[in-house]
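Have a look at upload_25.csv; it's CSV, C-alpha atoms:
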chain,number,residue,atom,x,y,z
A,826,MET,CA,56.4,-5.4,-34.1
A,827,ALA,CA,54.8,-2.1,-33.0
A,828,ASP,CA,51.4,-3.3,-34.3
A,829,ALA,CA,51.8,-6.6,-32.4
A,830,SER,CA,52.6,-4.9,-29.1
A,831,LEU,CA,49.7,-2.5,-29.7
A,832,MET,CA,47.3,-5.4,-30.2
A,833,ALA,CA,48.6,-7.2,-27.1
A,834,ASP,CA,48.1,-4.0,-25.0
A,835,MET,CA,44.5,-3.7,-26.4
A,836,ALA,CA,43.8,-7.4,-25.5
A,837,VAL,CA,44.8,-7.1,-21.9
A,838,PRO,CA,42.0,-4.6,-20.8
A,839,SER,CA,39.5,-6.8,-22.7
A,840,SER,CA,40.5,-9.9,-20.7
A,841,THR,CA,40.6,-7.9,-17.4
A,842,SER,CA,37.1,-6.5,-18.0
A,843,SER,CA,35.5,-9.9,-18.4
A,844,THR,CA,36.9,-11.3,-15.2
A,845,PRO,CA,34.4,-9.5,-12.8
A,846,SER,CA,31.4,-10.8,-14.8
A,847,LYS,CA,32.6,-14.4,-14.6
A,848,ALA,CA,33.3,-14.0,-10.9
A,849,ALA,CA,29.8,-12.7,-10.4
A,850,ALA,CA,28.3,-15.6,-12.3
A,851,VAL,CA,30.3,-18.1,-10.2
A,852,ALA,CA,29.2,-16.3,-7.0
A,853,HIS,CA,25.6,-16.4,-8.2
A,854,GLU,CA,25.7,-20.2,-9.0
A,855,ALA,CA,27.4,-21.1,-5.7
A,856,PRO,CA,24.3,-20.9,-3.5
A,857,ARG,CA,22.4,-23.0,-6.0
A,858,ASN,CA,25.1,-25.6,-6.2
A,859,ALA,CA,25.3,-25.6,-2.4
A,860,GLN,CA,21.5,-26.0,-2.2
A,861,SER,CA,21.5,-29.0,-4.6
A,862,VAL,CA,24.2,-30.8,-2.7
A,863,GLN,CA,22.8,-30.0,0.8
A,864,PRO,CA,22.0,-33.1,2.9
A,865,LEU,CA,18.4,-34.2,2.9
A,866,ALA,CA,18.2,-34.0,6.7
A,867,ARG,CA,19.1,-30.3,6.6
A,868,ARG,CA,16.6,-29.2,3.9
A,869,ARG,CA,13.4,-27.4,4.8
A,870,TYR,CA,9.9,-28.4,3.5
A,871,ALA,CA,6.4,-27.0,3.8
A,872,LEU,CA,3.2,-29.1,4.0
A,873,GLU,CA,0.7,-27.8,1.5
A,874,ILE,CA,-3.0,-28.7,0.7
A,875,ARG,CA,-3.4,-29.9,-2.8
A,876,GLN,CA,-5.8,-28.0,-5.0
A,877,HIS,CA,-6.4,-30.9,-7.3
A,878,MET,CA,-5.0,-34.3,-8.0
A,879,PRO,CA,-5.9,-36.3,-11.2
A,880,TRP,CA,-8.2,-39.3,-10.5
A,881,ARG,CA,-5.6,-41.7,-11.9
A,882,TRP,CA,-3.1,-40.7,-9.2
A,883,GLN,CA,-5.8,-40.9,-6.6
A,884,ALA,CA,-6.7,-44.4,-7.7
A,885,LEU,CA,-3.0,-45.4,-7.7
A,886,ILE,CA,-2.5,-44.1,-4.1
A,887,LEU,CA,-5.7,-45.9,-3.0
A,888,ALA,CA,-4.6,-49.1,-4.7
A,889,ALA,CA,-1.2,-48.9,-3.0
A,890,ALA,CA,-2.8,-48.3,0.4
A,891,LEU,CA,-5.1,-51.3,-0.1
A,892,LEU,CA,-2.2,-53.5,-1.2
A,893,ALA,CA,-0.3,-52.4,1.9
A,894,GLY,CA,-3.3,-53.3,4.1
A,895,MET,CA,-3.7,-56.6,2.4
A,896,ALA,CA,0.1,-57.4,2.9
A,897,VAL,CA,-0.1,-56.6,6.6
A,898,SER,CA,-3.3,-58.7,6.9
A,899,ALA,CA,-1.7,-61.6,5.1
A,900,ALA,CA,1.3,-61.5,7.4
A,901,ILE,CA,-1.0,-61.6,10.5
A,902,LEU,CA,-3.0,-64.5,9.1
A,903,ILE,CA,0.2,-66.4,8.2
A,904,ALA,CA,1.4,-65.8,11.8
A,905,ALA,CA,-1.9,-67.1,13.0
A,906,GLY,CA,-1.3,-70.4,11.3
A,907,VAL,CA,-2.9,-70.0,7.9
A,908,PRO,CA,-0.6,-71.5,5.1
A,909,ALA,CA,0.6,-68.8,2.8
A,910,ASP,CA,-0.2,-70.8,-0.3
A,911,GLU,CA,-3.8,-71.1,0.8
A,912,LEU,CA,-4.6,-67.4,1.3
A,913,ALA,CA,-5.3,-66.7,-2.4
A,914,ASN,CA,-7.3,-69.9,-2.6
A,915,GLU,CA,-9.4,-69.0,0.4
A,916,PHE,CA,-10.0,-65.3,-0.4
A,917,VAL,CA,-10.5,-65.6,-4.2
A,918,MET,CA,-11.2,-69.1,-5.5
A,919,GLN,CA,-13.3,-70.5,-2.7
A,920,THR,CA,-15.2,-67.2,-2.2
A,921,PHE,CA,-16.0,-66.0,-5.7
A,922,PHE,CA,-15.7,-69.1,-7.8
A,923,ASP,CA,-17.5,-71.6,-5.6
A,924,GLY,CA,-21.3,-71.5,-6.1
A,925,GLN,CA,-22.3,-72.0,-2.6
A,926,ASN,CA,-19.9,-69.5,-1.1
A,927,PHE,CA,-20.7,-66.9,-3.8
A,928,ARG,CA,-24.4,-67.2,-2.9
A,929,ALA,CA,-23.4,-66.7,0.8
A,930,VAL,CA,-21.6,-63.5,-0.3
A,931,LEU,CA,-24.7,-62.2,-2.0
A,932,PHE,CA,-26.8,-63.2,0.9
A,933,GLN,CA,-24.5,-61.3,3.3
A,934,ALA,CA,-24.0,-58.4,1.0
A,935,ALA,CA,-27.6,-57.2,0.6
A,936,PRO,CA,-28.0,-55.5,4.0
A,937,MET,CA,-24.4,-54.3,3.9
A,938,ILE,CA,-25.1,-52.5,0.6
A,939,LEU,CA,-28.1,-50.8,2.1
A,940,VAL,CA,-26.4,-49.8,5.3
A,941,GLY,CA,-23.4,-48.6,3.3
A,942,LEU,CA,-25.6,-46.5,1.1
A,943,ALA,CA,-27.2,-45.0,4.2
A,944,GLY,CA,-23.8,-44.0,5.4
A,945,CYS,CA,-22.8,-42.5,2.0
A,946,VAL,CA,-25.9,-40.3,1.7
A,947,ALA,CA,-25.7,-38.9,5.3
A,948,PHE,CA,-21.9,-38.3,5.1
A,949,ARG,CA,-22.4,-36.4,1.8
A,950,ALA,CA,-24.4,-33.9,3.8
A,951,ARG,CA,-21.7,-33.7,6.5
A,952,PHE,CA,-24.0,-35.4,8.9
A,953,TRP,CA,-22.0,-38.1,10.7
A,954,ASN,CA,-24.7,-40.7,11.2
A,955,LEU,CA,-23.3,-43.3,13.6
A,956,GLY,CA,-26.8,-44.5,14.5
A,957,LEU,CA,-27.1,-46.9,11.6
A,958,GLU,CA,-27.6,-49.9,13.9
A,959,GLY,CA,-30.4,-48.2,15.8
A,960,GLN,CA,-32.2,-47.3,12.6
A,961,MET,CA,-31.8,-50.9,11.4
A,962,ILE,CA,-33.3,-52.1,14.7
A,963,TRP,CA,-36.3,-49.9,14.3
A,964,GLY,CA,-36.7,-50.9,10.7
A,965,ALA,CA,-36.9,-54.5,11.7
A,966,ILE,CA,-39.2,-53.7,14.6
A,967,GLY,CA,-41.6,-51.8,12.3
A,968,ALA,CA,-41.7,-54.7,9.8
A,969,THR,CA,-42.2,-57.3,12.6
A,970,ALA,CA,-45.0,-55.2,14.1
A,971,VAL,CA,-46.9,-55.4,10.8
A,972,SER,CA,-46.5,-59.2,10.9
A,973,MET,CA,-47.3,-59.6,14.6
A,974,TRP,CA,-50.5,-57.5,14.4
A,975,GLN,CA,-51.4,-58.9,10.9
A,976,ILE,CA,-51.9,-55.5,9.4
A,977,GLY,CA,-53.5,-55.6,6.0
A,978,PRO,CA,-54.4,-58.5,3.7
A,979,GLU,CA,-51.9,-61.3,3.0
A,980,ASN,CA,-51.0,-60.1,-0.6
A,981,LEU,CA,-50.1,-56.6,0.8
A,982,ARG,CA,-48.4,-57.7,4.0
A,983,LEU,CA,-44.9,-57.7,2.6
A,984,PRO,CA,-45.2,-54.2,1.0
A,985,LEU,CA,-46.7,-52.9,4.2
A,986,MET,CA,-43.7,-54.3,6.1
A,987,PHE,CA,-41.4,-52.6,3.6
A,988,ILE,CA,-43.1,-49.2,4.2
A,989,ALA,CA,-43.2,-49.7,8.0
A,990,ALA,CA,-39.4,-50.4,8.0
A,991,ILE,CA,-38.7,-47.3,6.0
A,992,GLY,CA,-40.9,-45.1,8.1
A,993,CYS,CA,-39.5,-46.3,11.4
A,994,GLY,CA,-35.9,-45.9,10.3
A,995,LEU,CA,-36.7,-42.4,9.0
A,996,LEU,CA,-38.4,-41.3,12.2
A,997,TRP,CA,-35.6,-42.6,14.5
A,998,VAL,CA,-33.0,-40.4,12.8
A,999,LEU,CA,-35.4,-37.4,12.6
A,1000,GLY,CA,-34.6,-36.4,16.2
A,1001,PRO,CA,-30.8,-36.1,15.9
A,1002,ALA,CA,-31.3,-34.2,12.6
A,1003,TRP,CA,-33.6,-31.7,14.3
A,1004,LEU,CA,-31.3,-31.4,17.3
A,1005,LYS,CA,-28.3,-30.6,15.1
A,1006,LEU,CA,-30.0,-28.1,12.8
A,1007,LYS,CA,-32.1,-26.4,15.5
A,1008,LEU,CA,-29.9,-26.6,18.7
A,1009,GLY,CA,-26.5,-27.4,17.3
A,1010,VAL,CA,-26.3,-30.8,19.2
A,1011,ASN,CA,-23.4,-33.0,18.0
A,1012,GLU,CA,-25.0,-35.7,15.8
A,1013,ILE,CA,-22.2,-38.1,16.6
A,1014,ILE,CA,-23.3,-38.2,20.3
A,1015,SER,CA,-27.0,-38.2,19.7
A,1016,THR,CA,-27.1,-40.9,17.0
A,1017,LEU,CA,-24.6,-43.1,18.9
A,1018,MET,CA,-26.6,-42.9,22.2
A,1019,LEU,CA,-29.9,-43.7,20.3
A,1020,ASN,CA,-28.3,-47.0,19.3
A,1021,TYR,CA,-28.3,-48.2,22.9
A,1022,MET,CA,-31.9,-47.1,23.4
A,1023,ALA,CA,-33.0,-49.0,20.3
A,1024,ALA,CA,-31.0,-52.1,21.3
A,1025,ASN,CA,-32.5,-52.2,24.9
A,1026,PHE,CA,-36.0,-51.7,23.5
A,1027,LEU,CA,-35.4,-54.6,21.2
A,1028,LEU,CA,-34.3,-56.8,24.1
A,1029,HIS,CA,-37.5,-55.7,26.0
A,1030,LEU,CA,-39.6,-56.9,23.1
A,1031,VAL,CA,-37.9,-60.3,22.4
A,1032,TYR,CA,-37.6,-61.1,26.1
A,1033,GLY,CA,-41.1,-59.9,26.8
A,1034,SER,CA,-44.4,-59.6,24.8
A,1035,TRP,CA,-42.9,-60.6,21.5
A,1036,LYS,CA,-41.1,-63.8,22.7
A,1037,ASP,CA,-41.9,-66.8,20.6
A,1038,PRO,CA,-44.4,-68.9,22.7
A,1039,LYS,CA,-43.5,-72.1,21.0
A,1040,ASP,CA,-39.9,-72.6,22.1
A,1041,ASN,CA,-39.6,-69.7,24.6
A,1042,PHE,CA,-36.4,-68.4,23.0
A,1043,PRO,CA,-35.7,-64.6,22.8
A,1044,TYR,CA,-36.9,-64.0,19.3
A,1045,SER,CA,-40.3,-63.2,17.7
A,1046,PRO,CA,-42.5,-65.8,16.1
A,1047,GLN,CA,-41.4,-66.8,12.7
A,1048,PHE,CA,-42.8,-64.8,9.7
A,1049,ARG,CA,-45.3,-66.5,7.4
A,1050,VAL,CA,-44.3,-67.5,3.9
A,1051,PHE,CA,-46.0,-64.5,2.3
A,1052,GLU,CA,-44.2,-62.2,4.8
A,1053,ARG,CA,-40.7,-63.2,3.7
A,1054,LEU,CA,-38.7,-61.9,0.8
A,1055,PRO,CA,-38.9,-64.6,-2.0
A,1056,GLU,CA,-36.0,-66.2,-3.7
A,1057,LEU,CA,-35.0,-65.3,-7.3
A,1058,GLY,CA,-33.8,-68.8,-8.1
A,1059,ALA,CA,-30.6,-70.9,-7.6
A,1060,GLY,CA,-30.7,-70.1,-3.9
A,1061,ILE,CA,-30.3,-66.3,-4.4
A,1062,GLY,CA,-32.7,-64.2,-2.4
A,1063,SER,CA,-34.5,-61.1,-3.7
A,1064,SER,CA,-32.9,-58.9,-1.0
A,1065,ILE,CA,-29.8,-58.5,-3.2
A,1066,LEU,CA,-32.1,-57.3,-6.1
A,1067,LEU,CA,-33.7,-54.9,-3.7
A,1068,ALA,CA,-30.3,-53.6,-2.6
A,1069,GLY,CA,-29.2,-53.2,-6.3
A,1070,VAL,CA,-32.3,-51.1,-7.1
A,1071,VAL,CA,-31.7,-48.9,-4.1
A,1072,ALA,CA,-28.1,-48.5,-5.1
A,1073,LEU,CA,-29.1,-47.3,-8.6
A,1074,LEU,CA,-31.6,-44.9,-7.1
A,1075,ALA,CA,-29.0,-43.6,-4.7
A,1076,TRP,CA,-26.5,-43.1,-7.5
A,1077,TRP,CA,-29.1,-41.2,-9.6
A,1078,LEU,CA,-30.0,-39.0,-6.6
A,1079,ALA,CA,-26.3,-38.2,-5.8
A,1080,SER,CA,-25.0,-37.8,-9.3
A,1081,VAL,CA,-27.9,-36.7,-11.6
A,1082,SER,CA,-30.7,-35.1,-9.6
A,1083,ARG,CA,-30.8,-31.5,-8.3
A,1084,MET,CA,-30.5,-32.7,-4.8
A,1085,GLY,CA,-27.2,-34.4,-5.7
A,1086,LEU,CA,-25.9,-31.0,-6.9
A,1087,TYR,CA,-27.0,-29.4,-3.7
A,1088,LEU,CA,-25.3,-32.1,-1.7
A,1089,ARG,CA,-22.0,-31.4,-3.5
A,1090,PHE,CA,-22.3,-27.7,-2.6
A,1091,VAL,CA,-23.1,-28.6,1.1
A,1092,ASP,CA,-20.3,-31.1,1.2
A,1093,ALA,CA,-17.8,-28.5,-0.1
A,1094,ASN,CA,-18.8,-25.5,2.0
A,1095,PRO,CA,-22.1,-25.2,3.8
A,1096,ARG,CA,-21.8,-21.5,4.4
A,1097,MET,CA,-20.9,-20.7,0.8
A,1098,ALA,CA,-23.8,-23.0,-0.3
A,1099,HIS,CA,-26.2,-21.0,1.9
A,1100,ALA,CA,-24.9,-17.7,0.5
A,1101,SER,CA,-25.4,-19.0,-3.0
A,1102,GLY,CA,-29.0,-19.7,-2.4
A,1103,VAL,CA,-28.8,-23.5,-1.8
A,1104,PRO,CA,-31.5,-24.7,0.6
A,1105,VAL,CA,-28.9,-26.1,3.0
A,1106,ARG,CA,-31.3,-27.1,5.8
A,1107,ARG,CA,-33.8,-28.8,3.5
A,1108,THR,CA,-30.9,-30.6,1.7
A,1109,ILE,CA,-29.5,-31.9,5.0
A,1110,TYR,CA,-32.9,-33.0,6.3
A,1111,GLY,CA,-33.6,-34.8,3.0
A,1112,ALA,CA,-30.2,-36.6,3.0
A,1113,VAL,CA,-30.4,-37.6,6.7
A,1114,LEU,CA,-34.0,-38.9,6.5
A,1115,LEU,CA,-33.1,-40.8,3.4
A,1116,SER,CA,-30.2,-42.3,5.2
A,1117,GLY,CA,-32.4,-43.4,8.1
A,1118,ALA,CA,-34.9,-44.9,5.6
A,1119,MET,CA,-32.1,-46.9,3.9
A,1120,ALA,CA,-30.9,-48.2,7.3
A,1121,GLY,CA,-34.4,-49.2,8.2
A,1122,LEU,CA,-34.6,-51.0,4.9
A,1123,ALA,CA,-31.5,-52.9,5.8
A,1124,GLY,CA,-33.2,-54.1,9.0
A,1125,PHE,CA,-36.1,-55.2,6.9
A,1126,ALA,CA,-33.8,-57.1,4.6
A,1127,VAL,CA,-32.2,-59.0,7.5
A,1128,ALA,CA,-35.5,-59.7,9.3
A,1129,ALA,CA,-37.6,-60.7,6.2
A,1130,GLY,CA,-34.8,-61.9,4.0
A,1131,GLN,CA,-32.3,-63.7,6.3
A,1132,GLU,CA,-33.6,-64.4,9.8
A,1133,GLY,CA,-37.3,-64.7,9.0
A,1134,ARG,CA,-38.1,-63.2,12.4
A,1135,LEU,CA,-36.9,-60.5,14.8
A,1136,THR,CA,-33.8,-61.7,16.8
A,1137,GLN,CA,-31.9,-60.1,19.6
A,1138,ALA,CA,-28.6,-59.5,17.9
A,1139,PHE,CA,-29.2,-59.4,14.1
A,1140,TYR,CA,-27.8,-55.8,13.9
A,1141,GLN,CA,-24.5,-56.3,15.5
A,1142,GLY,CA,-21.5,-55.4,13.3
A,1143,TYR,CA,-23.5,-53.7,10.6
A,1144,GLY,CA,-23.0,-50.2,11.9
A,1145,PHE,CA,-19.2,-50.4,11.8
A,1146,SER,CA,-19.4,-52.1,8.4
A,1147,GLY,CA,-21.7,-49.4,7.0
A,1148,ILE,CA,-19.2,-46.6,8.1
A,1149,LEU,CA,-16.3,-48.6,6.7
A,1150,ILE,CA,-18.1,-49.1,3.4
A,1151,ALA,CA,-19.0,-45.5,3.0
A,1152,PHE,CA,-15.4,-44.4,3.9
A,1153,LEU,CA,-13.7,-46.8,1.5
A,1154,ALA,CA,-16.2,-45.8,-1.3
A,1155,ARG,CA,-15.6,-42.1,-0.6
A,1156,ASN,CA,-19.4,-41.7,-0.4
A,1157,ASN,CA,-20.0,-42.9,-3.9
A,1158,PRO,CA,-23.1,-45.1,-4.1
A,1159,LEU,CA,-21.8,-47.4,-6.9
A,1160,ALA,CA,-18.4,-47.8,-5.3
A,1161,ALA,CA,-20.2,-48.6,-2.0
A,1162,THR,CA,-22.0,-51.5,-3.7
A,1163,VAL,CA,-18.7,-53.0,-4.8
A,1164,VAL,CA,-17.0,-52.4,-1.4
A,1165,ALA,CA,-20.0,-54.0,0.3
A,1166,LEU,CA,-19.6,-57.1,-1.8
A,1167,LEU,CA,-15.9,-57.2,-0.9
A,1168,VAL,CA,-16.6,-56.7,2.8
A,1169,ALA,CA,-19.3,-59.5,2.6
A,1170,ALA,CA,-16.7,-61.7,1.0
A,1171,LEU,CA,-14.3,-61.0,3.9
A,1172,PHE,CA,-17.0,-62.0,6.4
A,1173,VAL,CA,-17.7,-65.3,4.5
A,1174,THR,CA,-14.0,-66.1,4.2
A,1175,GLY,CA,-13.6,-65.3,7.9
A,1176,ARG,CA,-16.2,-67.9,8.8
A,1177,SER,CA,-14.4,-70.4,6.6
A,1178,LEU,CA,-11.1,-69.6,8.3
A,1179,GLN,CA,-12.8,-70.1,11.7
A,1180,VAL,CA,-13.9,-73.6,10.7
A,1181,PHE,CA,-10.8,-74.8,9.0
A,1182,TYR,CA,-7.9,-72.9,10.7
A,1183,GLN,CA,-9.5,-72.0,14.1
A,1184,VAL,CA,-8.9,-68.3,13.3
A,1185,PRO,CA,-11.0,-66.1,15.7
A,1186,PHE,CA,-13.6,-63.8,14.1
A,1187,SER,CA,-12.0,-60.9,15.9
A,1188,MET,CA,-9.1,-61.3,13.6
A,1189,VAL,CA,-11.4,-60.6,10.6
A,1190,GLN,CA,-12.5,-57.4,12.4
A,1191,LEU,CA,-8.8,-56.6,12.9
A,1192,ILE,CA,-8.2,-56.9,9.1
A,1193,GLN,CA,-11.1,-54.5,8.5
A,1194,ALA,CA,-9.5,-52.0,10.9
A,1195,ILE,CA,-6.1,-52.4,9.3
A,1196,ILE,CA,-7.6,-51.6,5.9
A,1197,VAL,CA,-9.4,-48.6,7.3
A,1198,VAL,CA,-6.2,-47.2,8.7
A,1199,CYS,CA,-4.3,-47.7,5.5
A,1200,VAL,CA,-7.0,-46.0,3.4
A,1201,ALA,CA,-7.2,-43.2,5.9
A,1202,SER,CA,-3.4,-42.7,5.6
A,1203,SER,CA,-3.7,-42.6,1.8
A,1204,ASP,CA,-6.2,-39.7,2.1
A,1205,PHE,CA,-3.4,-37.7,3.6
A,1206,PHE,CA,-1.2,-38.1,0.5
A,1207,ILE,CA,-4.1,-37.3,-1.8
A,1208,ARG,CA,-5.0,-34.1,0.0
A,1209,HIS,CA,-1.5,-32.9,0.9
A,1210,ARG,CA,2.0,-32.6,-0.5
A,1211,LEU,CA,5.5,-31.6,0.6
A,1212,ARG,CA,7.2,-28.6,-1.1
A,1213,ARG,CA,10.8,-27.6,-0.7
A,1214,VAL,CA,10.9,-24.0,0.5
A,1215,GLY,CA,14.7,-23.3,0.7
A,1216,GLY,CA,18.2,-24.5,1.2
A,1217,GLU,CA,18.8,-23.0,4.6
A,1218,ALA,CA,20.0,-25.3,7.3
A,1219,VAL,CA,17.5,-26.1,10.0
A,1220,GLN,CA,18.6,-24.4,13.2

Output the structure of this file as structure tokens.
Amino acid sequence: MADASLMADMAVPSSTSSTPSKAAAVAHEAPRNAQSVQPLARRRYALEIRQHMPWRWQALILAAALLAGMAVSAAILIAAGVPADELANEFVMQTFFDGQNFRAVLFQAAPMILVGLAGCVAFRARFWNLGLEGQMIWGAIGATAVSMWQIGPENLRLPLMFIAAIGCGLLWVLGPAWLKLKLGVNEIISTLMLNYMAANFLLHLVYGSWKDPKDNFPYSPQFRVFERLPELGAGIGSSILLAGVVALLAWWLASVSRMGLYLRFVDANPRMAHASGVPVRRTIYGAVLLSGAMAGLAGFAVAAGQEGRLTQAFYQGYGFSGILIAFLARNNPLAATVVALLVAALFVTGRSLQVFYQVPFSMVQLIQAIIVVCVASSDFFIRHRLRRVGGEAVQ
């Protein structure tokens, strides 16, 4: 009995000594449990810039944004009177699997690819070239001047028109590039204002000395057969081949060449690139001039490949489409080619909807704007994230 009472007395202090440690553990876990059960509205978060996101997640976010934009666009078209069961047929089957419509998509896509590539190259150098339409106009004017003044022999007329279009587009963007790099003038304003100058000069030509004397309409005389881009066969023009070659060259320039490496440095941080020995000014000049040359080439593709003459409004809509293509493609030349085909398909389908369902063409432009807004919103989730910073209640 004495041994039993002694053991009981010894056990009591042992139990008593463990009680404070358990109480401390419970007290330590209490804030954590309270934080986990805290209402969502009373939690605190911080907005952080992501250092890196795997490309698979980026593609998933972009796909979700595009699907959201397409869903909103479909709802608008249904409200406008387009039957829901006809949307897939109009946008997919009739556009890509009908021979005539698919040729129309390729026909429309050639200048869009070129002007989209022009936007990609300039934006990679952080030069916001909004003067794509003005450069297109001057490219077409240069090509038409060679035809009007009959410069060179007939077998060299088309190459000379090609060179003139490149040169005129390049020279038209040289001024804004010089103003930005020398005087710090905002290129958005300068390139945008030059669009109006080019458009008014175009009207001066087609309503004046370059007006077609045969029917007295505001466009130039028709190009001769040897001054037009030939067809490849099956109704497909060679302008789409020209656009494909330029897209491959732009991809090589942006992804493989030394200039592409310099452009990546300039796009990431121009000051750090300059400190690292990268020729920032020469790189920007090269990218901007190449952008103007591609836009001028787009004007040549419309004038010599589609219209067959210089018209007063051939350029309208291409500037916005080029910016849209470059933005959706994230300045990737190969992706810009695919996006340009999809935008061209949207235009062709929009014309079909105009004919069969009396949908105004402005609604097609509205769909473009909706998709741009959705993609821009997805860029926020790609570059940022929310991190929970604590369990304190928001005061």

Legend entry - From A:Met1022, A:Gln919, A:Leu1028, A:Glu1052, residue lying nearest Met973 (chain A) [all atoms listed in the file]: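 Looking at the shortest contact to Met973 (chain A), the residue is A:Glu1052.
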
Per-residue nearest contacts of region 861-920 of chain A to region 1163-1177 of chain A (10 Å; all atoms listed in the file) as a tab-separated table:
residue	atom	partner	partner_atom	distance
A:Leu912	CA	A:Thr1174	CA	9.9
A:Glu915	CA	A:Thr1174	CA	6.6
A:Phe916	CA	A:Thr1174	CA	6.1
A:Val917	CA	A:Ala1170	CA	9.0
A:Gln919	CA	A:Thr1174	CA	8.2
A:Thr920	CA	A:Ala1170	CA	6.5

Inset, instruction - Find, counting all atoms listed in the file, the residue in A:Pro908, A:Gly1117, A:Gly977, A:Gly924 that gets nearest to Leu999 (chain A). - result: A:Gly1117

Legend entry - Given only C-alpha atoms as the counted atoms, nearest of A:Ser1063, A:Val1105, A:Ser898, A:Leu939 to Gln1190 (chain A): A:Ser898

Legend entry - Minimum-distance residue to Val1198 (chain A), chosen among A:Val897, A:Ala1138, A:Met878, A:Leu1122 (using all atoms listed in the file):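 Ranking A:Val897, A:Ala1138, A:Met878, A:Leu1122 by distance to Val1198 (chain A), first place goes to A:Val897.
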
Legend entry - Nearest to Ala965 (chain A) by atom-to-atom distance, counting all atoms listed in the file, from A:Gln883, A:Ser1045, A:Asn980, A:Ser1202: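 Among the listed residues, A:Ser1045 lies closest to Ala965 (chain A).
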
Inset, instruction - Enumerate, as a ChimeraX atom specification, the protein, DNA and RNA residues whose atoms approach (-22.8, -25.5, -7.1) to within 10 Å, taking into account only C-alpha atoms and the coordinate frame of the file. - result: /A:1086-1091,1093-1094,1097-1098,1101-1103

Legend entry - Counting all atoms listed in the file, the residue of A:Ala1128, A:Ile1195, A:Leu931, A:Ala1201 that sits nearest Gly894 (chain A): A:Ile1195
